[in-house]
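A.B. asks: Mind looking over this structure? Questions follow.
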Amino acid sequence: MKSFKDSREGVSTTTIVGAIILIVIIAVAALYALELPPFTRPPFEGIIMGTTDSVESAIDPAQAYDFFGWEIIQNTGCTLVEVEPGSSATAEDYTPALATEWTTSTDLKTWTFTLREGILFDDGTEFNATHVKYSFDRNMGIASPDGPQLNMEYDAIIGNVEVVSKYVVKFNLKIPFGPFLGLMACQASSIVNPEYAGGVKTDWSTDDIVEYTEGDARASSPMDLGPYKLTKWERVGGKDHEIGLEANPNYWNKGAGLPKTEKIIIKFYADATALRLAIEGGEIDVAFRHITPTDIEDLKDDPNLKVWEGTGAAIQYMIFQEDDVGTLPSLKDPRARRAITAALNRSEVTETVFLGQSSPLYSMIPTGMLGHTEAFATLGDANYTLTRSLLAELGYNETNKLEVELWYETSGHYPSSPDQAALYKEQFEASGVMSVTLKSADWPHYRTNRNEGVMHVFIYGWYPDYIDPDNYAFLYYASWLNHHYSKYNATNNYIAMKAAYDAARASTDEAERTSLYAELEDYAVEDCPLVPIWQGAAWAVTKPNIKGVYLDITQTWRIWLLYEE
Amino acid sequence: MGLRSYIVARVLLMIPMIFLLLSIVFLIIRVMPGDPVLLHFERKASEEAMAELRHVLGLDKPLYVQYFEYLAGLLRGDLGRSMAPGHHSISQQIFSAFPATLELALFSTLISVGVGILLGVRASQSYNSLQDHSIRAFGIVVYAIPIFFLGMIFQLIFAINLHWLPANGRFPPFLAEPGGLILYLSKPAGGFAQVFMWSLPAGFVSWVICSVALKRKRVKFWLRGFLISLLVLLAGWIVYAYLAWHFMCLGVLHISTGLLTIDSLIEGSPLKFVESLRYLFLPSLTLGLVLSGVFIRLTRSNMLETLRLDFVTAAKARGLKETAVVYGYAFRNSFLPVLTMMGLQFAILLGGAILTEKTFSWPGLGSYLVDRITFRDYTAIQGAVILFGILVAIVNLMVDILYAYLDPRIRL
Amino acid sequence: MTIIGLVIVLSMIIMMVLGPWVSPYDPTKSNVSPPPNPSPPNADFPLGTNLLGQDMLSRVLCGGTIMLQVALLSVLFCFIIGVPVGLLASYAGGIIDKIFTLVMDSFYAFPGLVLAIAIAAMMGRGVVNMALSIAVVYVPSYYRIVRSQVLTIKELPYTEAARATGARGRTILLRYILPNVIPSIVVVATVNFADAILTAAGLTFVGLGVGIDIPDWGWDLTKGRELLPSGAWWVITFPGIMIVLLALGFTLIGEGLSELLNPRLEQ
């Protein structure tokens, strides 16, 4: 009998094998395209968020000072009071969270909180006043050169925390501090679970900071009592890759149906373009921090996406170094600083670089906040006549220009720094009496340069720690900016500014505080130690069926309010 | 010289080379201007704090002690600690990022060699024609295109405009948890039956195509064809049903090797395999195309030379088909140079991977290096650079040994 | 092929030299086109404008200087270091030759961009540092080529004859070996050029380029990438094409020259 091979009559092995492979490929592709099993993609019951930010160091209130670290702390932890979502964080907008009631002494130095009963930690322990004392003692005890303890001034404000009874805790302050509720609402004041925070001890050190542990989300953070539990924290190559959150069954407010979404996944993208491509491609449901202004403008026209605009509280300002920097002209004379300030054209920057998504700022206290003024408007924008006349008094003119070294940072820490710098240079030089050299540094070097005081004029930014003008107005003479304003102005305006500031923080009377901050800013305009430039808005892009997005003045994302319709 | 002695000689030679590389990288970090520790503090740090950090990183010891500890650590696999807050182990960070780059490198090499060979062979077969010239031009031009430029164009076409492929990342997040349909279908009885039902039409279609392909002419032959295709149908049906059912019961992709394509195959999940391929395709295509030029040229010139040789003419005279001659004889002779070139290109591949990873947000060693540079994390940069160097050295060693195995002449 | 390459390269150099005079606007002047920007190519701005409203035509005309400087400097560094070391070490032979070959080999296989990134990161930004980091990676290639030529020529009869008549090593090197080595070096130099341009673009992409106040194709490419998904294709395309053309030009010169030097087996 003929063999099978011969009977095939000229159809080679290759053809048959090829045909079979082709069939398999077509079948697989068809099943995939039609989404039939085994290629059915399971629907995810939750919300996927995407961001370019990441947790910079640890999810530990005693260490974290970065936006995203605070973001996770807020959503997995809880504070004594909270800011009402969508409000402007005035004194009436603080709502009970872990505390149900509070009183303060008339001298604003003693604050007493009555705590909520029946809230359980992860392990079943009931939350009480000792845990509040524990958290703050721990925070202040972990003396780190980098910790929020220094930045937040806890040690300068809080004297001690007293456990009055099981559910009553008292804060004895060193100074009268009006904005204390704001301080209590900020993420660094979150309550931690002692079991995961290092246990009961008295000698705290930076070794007690709870760090990322590979594969064990619970051991990576001391947070508890929040709307979510941290169930997954994955880093690849030292950088955040995915964070997973799941509803906390012990959350005190679960009666209100919170958190609205059981499961959340946060994905991290390398840059703003990648994030834009991801939200456009439908890979994620929510995109926030940061999308470029051009992309936001473009996505506004996309019918499949919704662009949310919120209140901004981030500001950008310019700092003048009053110490001598090499052979560069000194900026000790306030007339030089006022001259440079007058040459700024804020709206050109906000229109060109940010496409109108930021707004010009004439006060270090942002729009929408108590104490905001238009103080710097008196110096004008692109007010070259003023620039020239002031500099002429100092001997600078067309032939003898004021040399300025303008620094910007290149790591993307602030949005579009290089573009801004290019514009500032043009604006300053348009006055005809200034010549600008641009210099740049990546963020670590920029920060070190700031510490060393070697940058002549530089761009800087600020995000609020807590929502109060107190957290903005101090920037004019903040020592860690190292611009040495206080050193060279130890009398006159600086003293008056500081007096107004201290008086404002010791009061809760809104009218009184408003006039004090106005006074403070008037002094600031005379001296121009720094110049406010613009205020950014908060943006997000989501799928149209996502609701519960509150982009309010706190700048934080209350993920527990997000839901899908 | 025998193969064994050649291997020994090569390995011995590699040691001083790696040693030299390590020393140079070590020195570069130490001699550069400025104090690296200074960069990692938020505020102006006190002397004690800086001394503390130096101590943690081992930078406070004398240079030669640091050097020996550094080498000893390398032997243990410890690359030191990162300067970023937390001071995590660099080896662990690199280890988590490495498989992603490996997967990218493997697939890119596959594409570049594949494209190179296919186009090179076509070019050699139509020597000096328009096709030949355009293929050669393509090879040259494609190398001159900046990788991120090409990558961006692909993202724009395939991801934004056509929505065929994803633009970034490595794996879809929602495949991390079972839910909905998966949970429903994972009930054993109902699940398997459902899948069985779905596989029926697939099997039927494949049977029809099989019988058409077998070009039935006689009744007996037709019968044979029927039986063959029935067997194919049955086998396919069973395999398909098993895979689908197996997939239903599993949720999270269990990462064992770190190469997601391999992991999903190990797990038996076709969906995850296809998904990981979808994410892998554009980055590998970008990197592969840019590097294919070399292989095109190499294959073409080797084929041209081989096709002229006498034994090829003899084979043709004996009546062997064109394809058989080309792929059977000539190709085998081009294989060796291609192999060597793969090894040489590996260094360029790693460099290109850095740009590709940044463009596609691919979380591998390239992204790691770029991130660490942004944060001026010098110890981590040192660790990553060393790893790159060692990888290249090892790959070159392997290529040399393989070459020596296949071609005894070079062992001399 | 060489001709095409030469034409491309020369025309680009001319363009770059004449750029500052010929360009219609100052490439660093923003908002020459009133907002909103970036605006597409039109009659006033043939290549469009970028986000800051800077004219792309001017930026393209003036933007190649940085890359060219980096490439030239790196080739210069390589020449100064690679050629003499190669000549001397391989002519000397023996242990010196072996040591240098070992050093060069350990650098040769190293991924170029990685080393360039590491060096640029440590030493800071700037044209010189970029050129240096590229040069470090390329010196071994020069060394290798020089060495292989030297080894061949060293054994040739006329070299032996020269030695027999008492010519000093230096004379032999300069009169006999160097002239024969030059053509191969030129080929490597052109490849070096092309690679240096692409590496400079790569360094800018990862953030290690020069600042914003100098028009640079690499910078436009990096910034243009952010604008591309919104449809502003002109910001990234034209500088990108320029980079491709420049690198291509040098590659073609190199290919053509190497074909001239090593003629292929013709049919």
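Chain lettering (A, B, ...) mirrors the order of the structure tokens, residue numbering begins at 1 for each chain separately, and ligand numbering begins at 1 in order of display.
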I'd like the neighbourhood of Ile241 of chain C as a PyMOL selection string, where a residue qualifies if any of its atoms comes within 10 Å (using only C-alpha atoms), though same-chain residues fewer than 4 positions away should be ignored.
C.D. replies: (chain B and resi 144-146+149) or (chain C and resi 60+217+221+236-237+245-247)
A.B. asks: What are the closest atom pairs, with distances in Å to one decimal, for each residue of chain B lying within 6 Å of chain C, using only C-alpha atoms, rows by chain and rising residue number, as a tab-separated table?
C.D. replies:
```
residue	atom	partner	partner_atom	distance
B:Met17	CA	C:Ser106	CA	5.0
B:Ala144	CA	C:Val244	CA	5.2
B:Ile145	CA	C:Val244	CA	5.3
B:Ala347	CA	C:Pro111	CA	4.3
B:Ile348	CA	C:Pro111	CA	5.5
B:Gly351	CA	C:Leu113	CA	4.9
B:Gly389	CA	C:Phe110	CA	5.8
```
A.B. asks: Compute the set of chain A residues within 9 Å of chain C, using only C-alpha atoms, and express it as a PDB file with N, CA and C atoms, in the first residue's frame.
C.D. replies:
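Writing the result to out_8.pdb gives the following:
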```
ATOM      1  N   ALA A 272       4.359  62.637  32.526  1.00  0.00           N
ATOM      2  CA  ALA A 272       3.018  63.154  32.255  1.00  0.00           C
ATOM      3  C   ALA A 272       2.479  62.663  30.918  1.00  0.00           C
ATOM      4  N   THR A 273       3.357  62.477  29.959  1.00  0.00           N
ATOM      5  CA  THR A 273       2.877  62.015  28.654  1.00  0.00           C
ATOM      6  C   THR A 273       2.355  60.588  28.761  1.00  0.00           C
ATOM      7  N   ARG A 276      -1.046  60.683  30.276  1.00  0.00           N
ATOM      8  CA  ARG A 276      -2.069  61.139  29.351  1.00  0.00           C
ATOM      9  C   ARG A 276      -2.468  60.011  28.407  1.00  0.00           C
ATOM     10  N   LEU A 277      -1.464  59.308  27.896  1.00  0.00           N
ATOM     11  CA  LEU A 277      -1.751  58.201  26.984  1.00  0.00           C
ATOM     12  C   LEU A 277      -2.574  57.126  27.687  1.00  0.00           C
ATOM     13  N   THR A 292       0.177  67.614  31.711  1.00  0.00           N
ATOM     14  CA  THR A 292       0.649  68.900  31.212  1.00  0.00           C
ATOM     15  C   THR A 292      -0.526  69.778  30.795  1.00  0.00           C
ATOM     16  N   THR A 294      -0.985  71.468  28.166  1.00  0.00           N
ATOM     17  CA  THR A 294      -1.396  71.218  26.785  1.00  0.00           C
ATOM     18  C   THR A 294      -2.326  70.016  26.714  1.00  0.00           C
ATOM     19  N   ASP A 295      -1.985  68.961  27.456  1.00  0.00           N
ATOM     20  CA  ASP A 295      -2.832  67.767  27.434  1.00  0.00           C
ATOM     21  C   ASP A 295      -4.204  68.058  28.038  1.00  0.00           C
ATOM     22  N   GLU A 297      -5.832  70.893  28.066  1.00  0.00           N
ATOM     23  CA  GLU A 297      -6.621  71.641  27.072  1.00  0.00           C
ATOM     24  C   GLU A 297      -7.147  70.701  26.005  1.00  0.00           C
ATOM     25  N   ASP A 298      -6.274  69.798  25.574  1.00  0.00           N
ATOM     26  CA  ASP A 298      -6.663  68.884  24.520  1.00  0.00           C
ATOM     27  C   ASP A 298      -7.740  67.903  24.978  1.00  0.00           C
ATOM     28  N   LEU A 299      -7.610  67.403  26.194  1.00  0.00           N
ATOM     29  CA  LEU A 299      -8.559  66.399  26.679  1.00  0.00           C
ATOM     30  C   LEU A 299      -9.911  67.015  27.013  1.00  0.00           C
ATOM     31  N   GLU A 351      -0.280  82.581  30.777  1.00  0.00           N
ATOM     32  CA  GLU A 351      -0.935  82.305  29.496  1.00  0.00           C
ATOM     33  C   GLU A 351      -0.077  81.427  28.602  1.00  0.00           C
ATOM     34  N   THR A 352       1.225  81.720  28.545  1.00  0.00           N
ATOM     35  CA  THR A 352       2.077  81.005  27.602  1.00  0.00           C
ATOM     36  C   THR A 352       2.418  79.607  28.086  1.00  0.00           C
ATOM     37  N   VAL A 353       2.926  79.525  29.303  1.00  0.00           N
ATOM     38  CA  VAL A 353       3.411  78.218  29.768  1.00  0.00           C
ATOM     39  C   VAL A 353       2.271  77.348  30.281  1.00  0.00           C
ATOM     40  N   LEU A 355      -1.116  77.995  29.745  1.00  0.00           N
ATOM     41  CA  LEU A 355      -2.330  78.100  28.936  1.00  0.00           C
ATOM     42  C   LEU A 355      -3.511  78.599  29.757  1.00  0.00           C
ATOM     43  N   THR A 410      15.596  71.287  37.163  1.00  0.00           N
ATOM     44  CA  THR A 410      15.378  70.526  35.937  1.00  0.00           C
ATOM     45  C   THR A 410      14.773  69.147  36.159  1.00  0.00           C
ATOM     46  N   SER A 411      14.473  68.790  37.405  1.00  0.00           N
ATOM     47  CA  SER A 411      13.984  67.430  37.620  1.00  0.00           C
ATOM     48  C   SER A 411      12.478  67.332  37.564  1.00  0.00           C
ATOM     49  N   PRO A 418      11.924  75.063  33.363  1.00  0.00           N
ATOM     50  CA  PRO A 418      12.749  75.647  32.300  1.00  0.00           C
ATOM     51  C   PRO A 418      11.977  76.638  31.440  1.00  0.00           C
ATOM     52  N   ASP A 419      10.742  76.318  31.103  1.00  0.00           N
ATOM     53  CA  ASP A 419       9.964  77.235  30.273  1.00  0.00           C
ATOM     54  C   ASP A 419       9.733  78.547  30.996  1.00  0.00           C
ATOM     55  N   ALA A 421      11.609  79.853  33.300  1.00  0.00           N
ATOM     56  CA  ALA A 421      12.871  80.595  33.386  1.00  0.00           C
ATOM     57  C   ALA A 421      13.172  81.321  32.086  1.00  0.00           C
ATOM     58  N   ALA A 422      12.897  80.647  30.960  1.00  0.00           N
ATOM     59  CA  ALA A 422      13.170  81.297  29.670  1.00  0.00           C
ATOM     60  C   ALA A 422      12.369  82.582  29.556  1.00  0.00           C
ATOM     61  N   LEU A 423      11.123  82.541  30.011  1.00  0.00           N
ATOM     62  CA  LEU A 423      10.274  83.729  29.935  1.00  0.00           C
ATOM     63  C   LEU A 423      10.734  84.813  30.892  1.00  0.00           C
ATOM     64  N   GLU A 426      13.598  86.682  29.503  1.00  0.00           N
ATOM     65  CA  GLU A 426      13.192  87.645  28.476  1.00  0.00           C
ATOM     66  C   GLU A 426      12.549  88.866  29.090  1.00  0.00           C
ATOM     67  N   LEU A 438      20.987  82.304  32.715  1.00  0.00           N
ATOM     68  CA  LEU A 438      20.186  81.215  33.261  1.00  0.00           C
ATOM     69  C   LEU A 438      21.090  80.103  33.779  1.00  0.00           C
ATOM     70  N   LYS A 439      20.785  79.613  34.963  1.00  0.00           N
ATOM     71  CA  LYS A 439      21.521  78.457  35.475  1.00  0.00           C
ATOM     72  C   LYS A 439      20.510  77.441  35.977  1.00  0.00           C
ATOM     73  N   SER A 440      20.913  76.200  35.933  1.00  0.00           N
ATOM     74  CA  SER A 440      19.960  75.173  36.333  1.00  0.00           C
ATOM     75  C   SER A 440      20.627  74.088  37.162  1.00  0.00           C
ATOM     76  N   ALA A 441      19.827  73.360  37.896  1.00  0.00           N
ATOM     77  CA  ALA A 441      20.322  72.230  38.674  1.00  0.00           C
ATOM     78  C   ALA A 441      19.178  71.249  38.846  1.00  0.00           C
ATOM     79  N   ASP A 442      19.543  69.974  38.998  1.00  0.00           N
ATOM     80  CA  ASP A 442      18.528  68.982  39.303  1.00  0.00           C
ATOM     81  C   ASP A 442      18.110  69.163  40.751  1.00  0.00           C
TER      82      ASP A 442
END
```
A.B. asks: Among segment 90-329 of chain A, which residues carry a DSSP assignment of alpha helix (DSSP H), reported as an MDAnalysis selection string?
C.D. replies: chainID A and resid 129:141 148:151 154:157 180:185 194:197 272:280 293:299
A.B. asks: Deliver the residues from the most recent selection as a file, using C-alpha atoms, as a CSV table (one decimal), in the first residue's frame.
C.D. replies:
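Heads up, here's the output in again-v4.csv:
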```
chain,number,residue,atom,x,y,z
A,129,ALA,CA,-6.5,58.9,74.3
A,130,THR,CA,-3.3,57.0,75.0
A,131,HIS,CA,-3.0,56.4,71.3
A,132,VAL,CA,-3.2,60.1,70.6
A,133,LYS,CA,-0.5,60.8,73.1
A,134,TYR,CA,1.5,57.9,71.6
A,135,SER,CA,1.3,59.2,68.1
A,136,PHE,CA,2.4,62.7,68.9
A,137,ASP,CA,5.1,61.7,71.3
A,138,ARG,CA,6.5,59.4,68.7
A,139,ASN,CA,6.3,62.1,66.0
A,140,MET,CA,8.1,64.6,68.1
A,141,GLY,CA,10.5,62.0,69.5
A,148,PRO,CA,8.1,66.8,59.4
A,149,GLN,CA,8.7,67.4,63.0
A,150,LEU,CA,11.0,70.2,62.1
A,151,ASN,CA,8.9,71.4,59.1
A,154,TYR,CA,5.4,70.5,66.4
A,155,ASP,CA,8.1,70.9,68.9
A,156,ALA,CA,7.8,74.7,68.8
A,157,ILE,CA,4.0,74.6,69.2
A,180,PHE,CA,-4.4,74.5,65.8
A,181,LEU,CA,-7.4,72.7,64.3
A,182,GLY,CA,-5.8,73.0,60.9
A,183,LEU,CA,-2.6,71.5,62.3
A,184,MET,CA,-4.6,68.6,63.8
A,185,ALA,CA,-6.3,68.0,60.5
A,194,PRO,CA,1.5,51.2,68.1
A,195,GLU,CA,1.7,47.6,67.1
A,196,TYR,CA,3.1,48.5,63.7
A,197,ALA,CA,4.8,51.7,64.7
A,272,ALA,CA,3.0,63.2,32.3
A,273,THR,CA,2.9,62.0,28.7
A,274,ALA,CA,2.6,58.4,29.7
A,275,LEU,CA,-0.2,59.3,32.1
A,276,ARG,CA,-2.1,61.1,29.4
A,277,LEU,CA,-1.8,58.2,27.0
A,278,ALA,CA,-3.0,55.9,29.7
A,279,ILE,CA,-6.2,57.8,30.5
A,280,GLU,CA,-6.8,58.4,26.8
A,293,PRO,CA,-1.4,72.0,30.5
A,294,THR,CA,-1.4,71.2,26.8
A,295,ASP,CA,-2.8,67.8,27.4
A,296,ILE,CA,-5.5,69.2,29.7
A,297,GLU,CA,-6.6,71.6,27.1
A,298,ASP,CA,-6.7,68.9,24.5
A,299,LEU,CA,-8.6,66.4,26.7
```
A.B. asks: Suppose you want the space between atom CA of Asn383 of chain A and atom CA of Gly395 of chain A; what is it in Å?
C.D. replies: 18.5 Å
A.B. asks: Residues at most 9 Å from His87 of chain B, counting only C-alpha atoms, excluding those fewer than 4 positions away in the same chain, as a PDB file with C-alpha atoms, in the first residue's frame?
C.D. replies:
```
ATOM      1  CA  VAL B  56      25.316  53.924  56.996  1.00  0.00           C
ATOM      2  CA  LEU B  57      26.538  53.992  53.408  1.00  0.00           C
ATOM      3  CA  ARG B  81      22.683  50.764  50.005  1.00  0.00           C
ATOM      4  CA  SER B  82      20.779  53.453  48.235  1.00  0.00           C
ATOM      5  CA  MET B  83      21.269  57.070  49.242  1.00  0.00           C
TER       6      MET B  83
END
```
A.B. asks: Using only C-alpha atoms, which residues sit within 10 Å of Leu104 of chain B once same-chain residues fewer than 6 positions away are excluded, as an MDAnalysis selection string?
C.D. replies: chainID B and resid 110 259 280:281 283:285 287:288 349:350 353 356:357 362 364
A.B. asks: Taking 4 positions as the minimum chain separation for residues in the same chain, which residues sit within 9 Å of Leu38 of chain B when counting only C-alpha atoms? Answer as a ChimeraX atom specification.
C.D. replies: /A:444-445,448 /B:34,44-45,50
A.B. asks: For Tyr143 of chain B, please output as a VMD selection string all residues within 9 Å (counting only C-alpha atoms; exclusion window: fewer than 3 positions along the same chain).
C.D. replies: (chain B and resid 138 to 140 146 to 147 289 to 294) or (chain C and resid 244 247 to 248)
A.B. asks: So that I have them on file, write out the residues from the current selection with N, CA and C atoms, as a short mmCIF file (atom, residue, chain, number, x, y, z; two decimals), in the first residue's frame.
C.D. replies:
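Dumped everything to again.cif:
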```cif
data_model
loop_
_atom_site.label_atom_id
_atom_site.label_comp_id
_atom_site.auth_asym_id
_atom_site.auth_seq_id
_atom_site.Cartn_x
_atom_site.Cartn_y
_atom_site.Cartn_z
N PHE B 138 16.91 51.00 4.17
CA PHE B 138 16.10 50.88 5.39
C PHE B 138 16.97 50.57 6.59
N GLY B 139 17.88 49.61 6.41
CA GLY B 139 18.74 49.21 7.52
C GLY B 139 19.58 50.36 8.05
N ILE B 140 20.07 51.19 7.13
CA ILE B 140 20.91 52.30 7.55
C ILE B 140 20.09 53.40 8.19
N PRO B 146 16.34 58.38 16.33
CA PRO B 146 16.40 58.29 17.79
C PRO B 146 15.29 57.37 18.29
N ILE B 147 15.65 56.51 19.23
CA ILE B 147 14.71 55.48 19.68
C ILE B 147 13.41 56.07 20.22
N LEU B 289 13.68 47.11 15.78
CA LEU B 289 13.83 47.67 14.44
C LEU B 289 15.09 48.51 14.32
N VAL B 290 15.30 49.34 15.37
CA VAL B 290 16.46 50.23 15.31
C VAL B 290 17.75 49.43 15.18
N LEU B 291 17.80 48.28 15.85
CA LEU B 291 19.03 47.49 15.82
C LEU B 291 19.07 46.47 14.69
N SER B 292 18.02 46.41 13.88
CA SER B 292 17.97 45.34 12.87
C SER B 292 18.91 45.61 11.72
N GLY B 293 19.27 46.86 11.54
CA GLY B 293 20.10 47.22 10.40
C GLY B 293 21.37 46.39 10.30
N VAL B 294 21.98 46.22 11.45
CA VAL B 294 23.23 45.46 11.47
C VAL B 294 23.01 44.04 10.97
N VAL C 244 18.04 62.80 12.34
CA VAL C 244 18.17 61.61 11.51
C VAL C 244 19.04 61.89 10.30
N ALA C 247 22.80 62.30 11.36
CA ALA C 247 23.40 61.02 11.69
C ALA C 247 23.54 60.16 10.44
N LEU C 248 22.51 60.22 9.60
CA LEU C 248 22.52 59.46 8.36
C LEU C 248 23.66 59.90 7.46
#
```
A.B. asks: For Leu174 of chain C, work out the shell of residues within 12 Å, counting only C-alpha atoms and skipping chain neighbours fewer than 6 positions away, then give it as JSON, numbers by chain.
C.D. replies: {"C": [83, 84, 87, 88, 91, 150, 159, 167, 168, 180, 181, 182]}
A.B. asks: Between atom CA of Glu283 of chain A and atom CA of Ile559 of chain A, measure the distance and give it in Å to one decimal.
C.D. replies: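 Distance reported for this atom pair: 18.4 Å.
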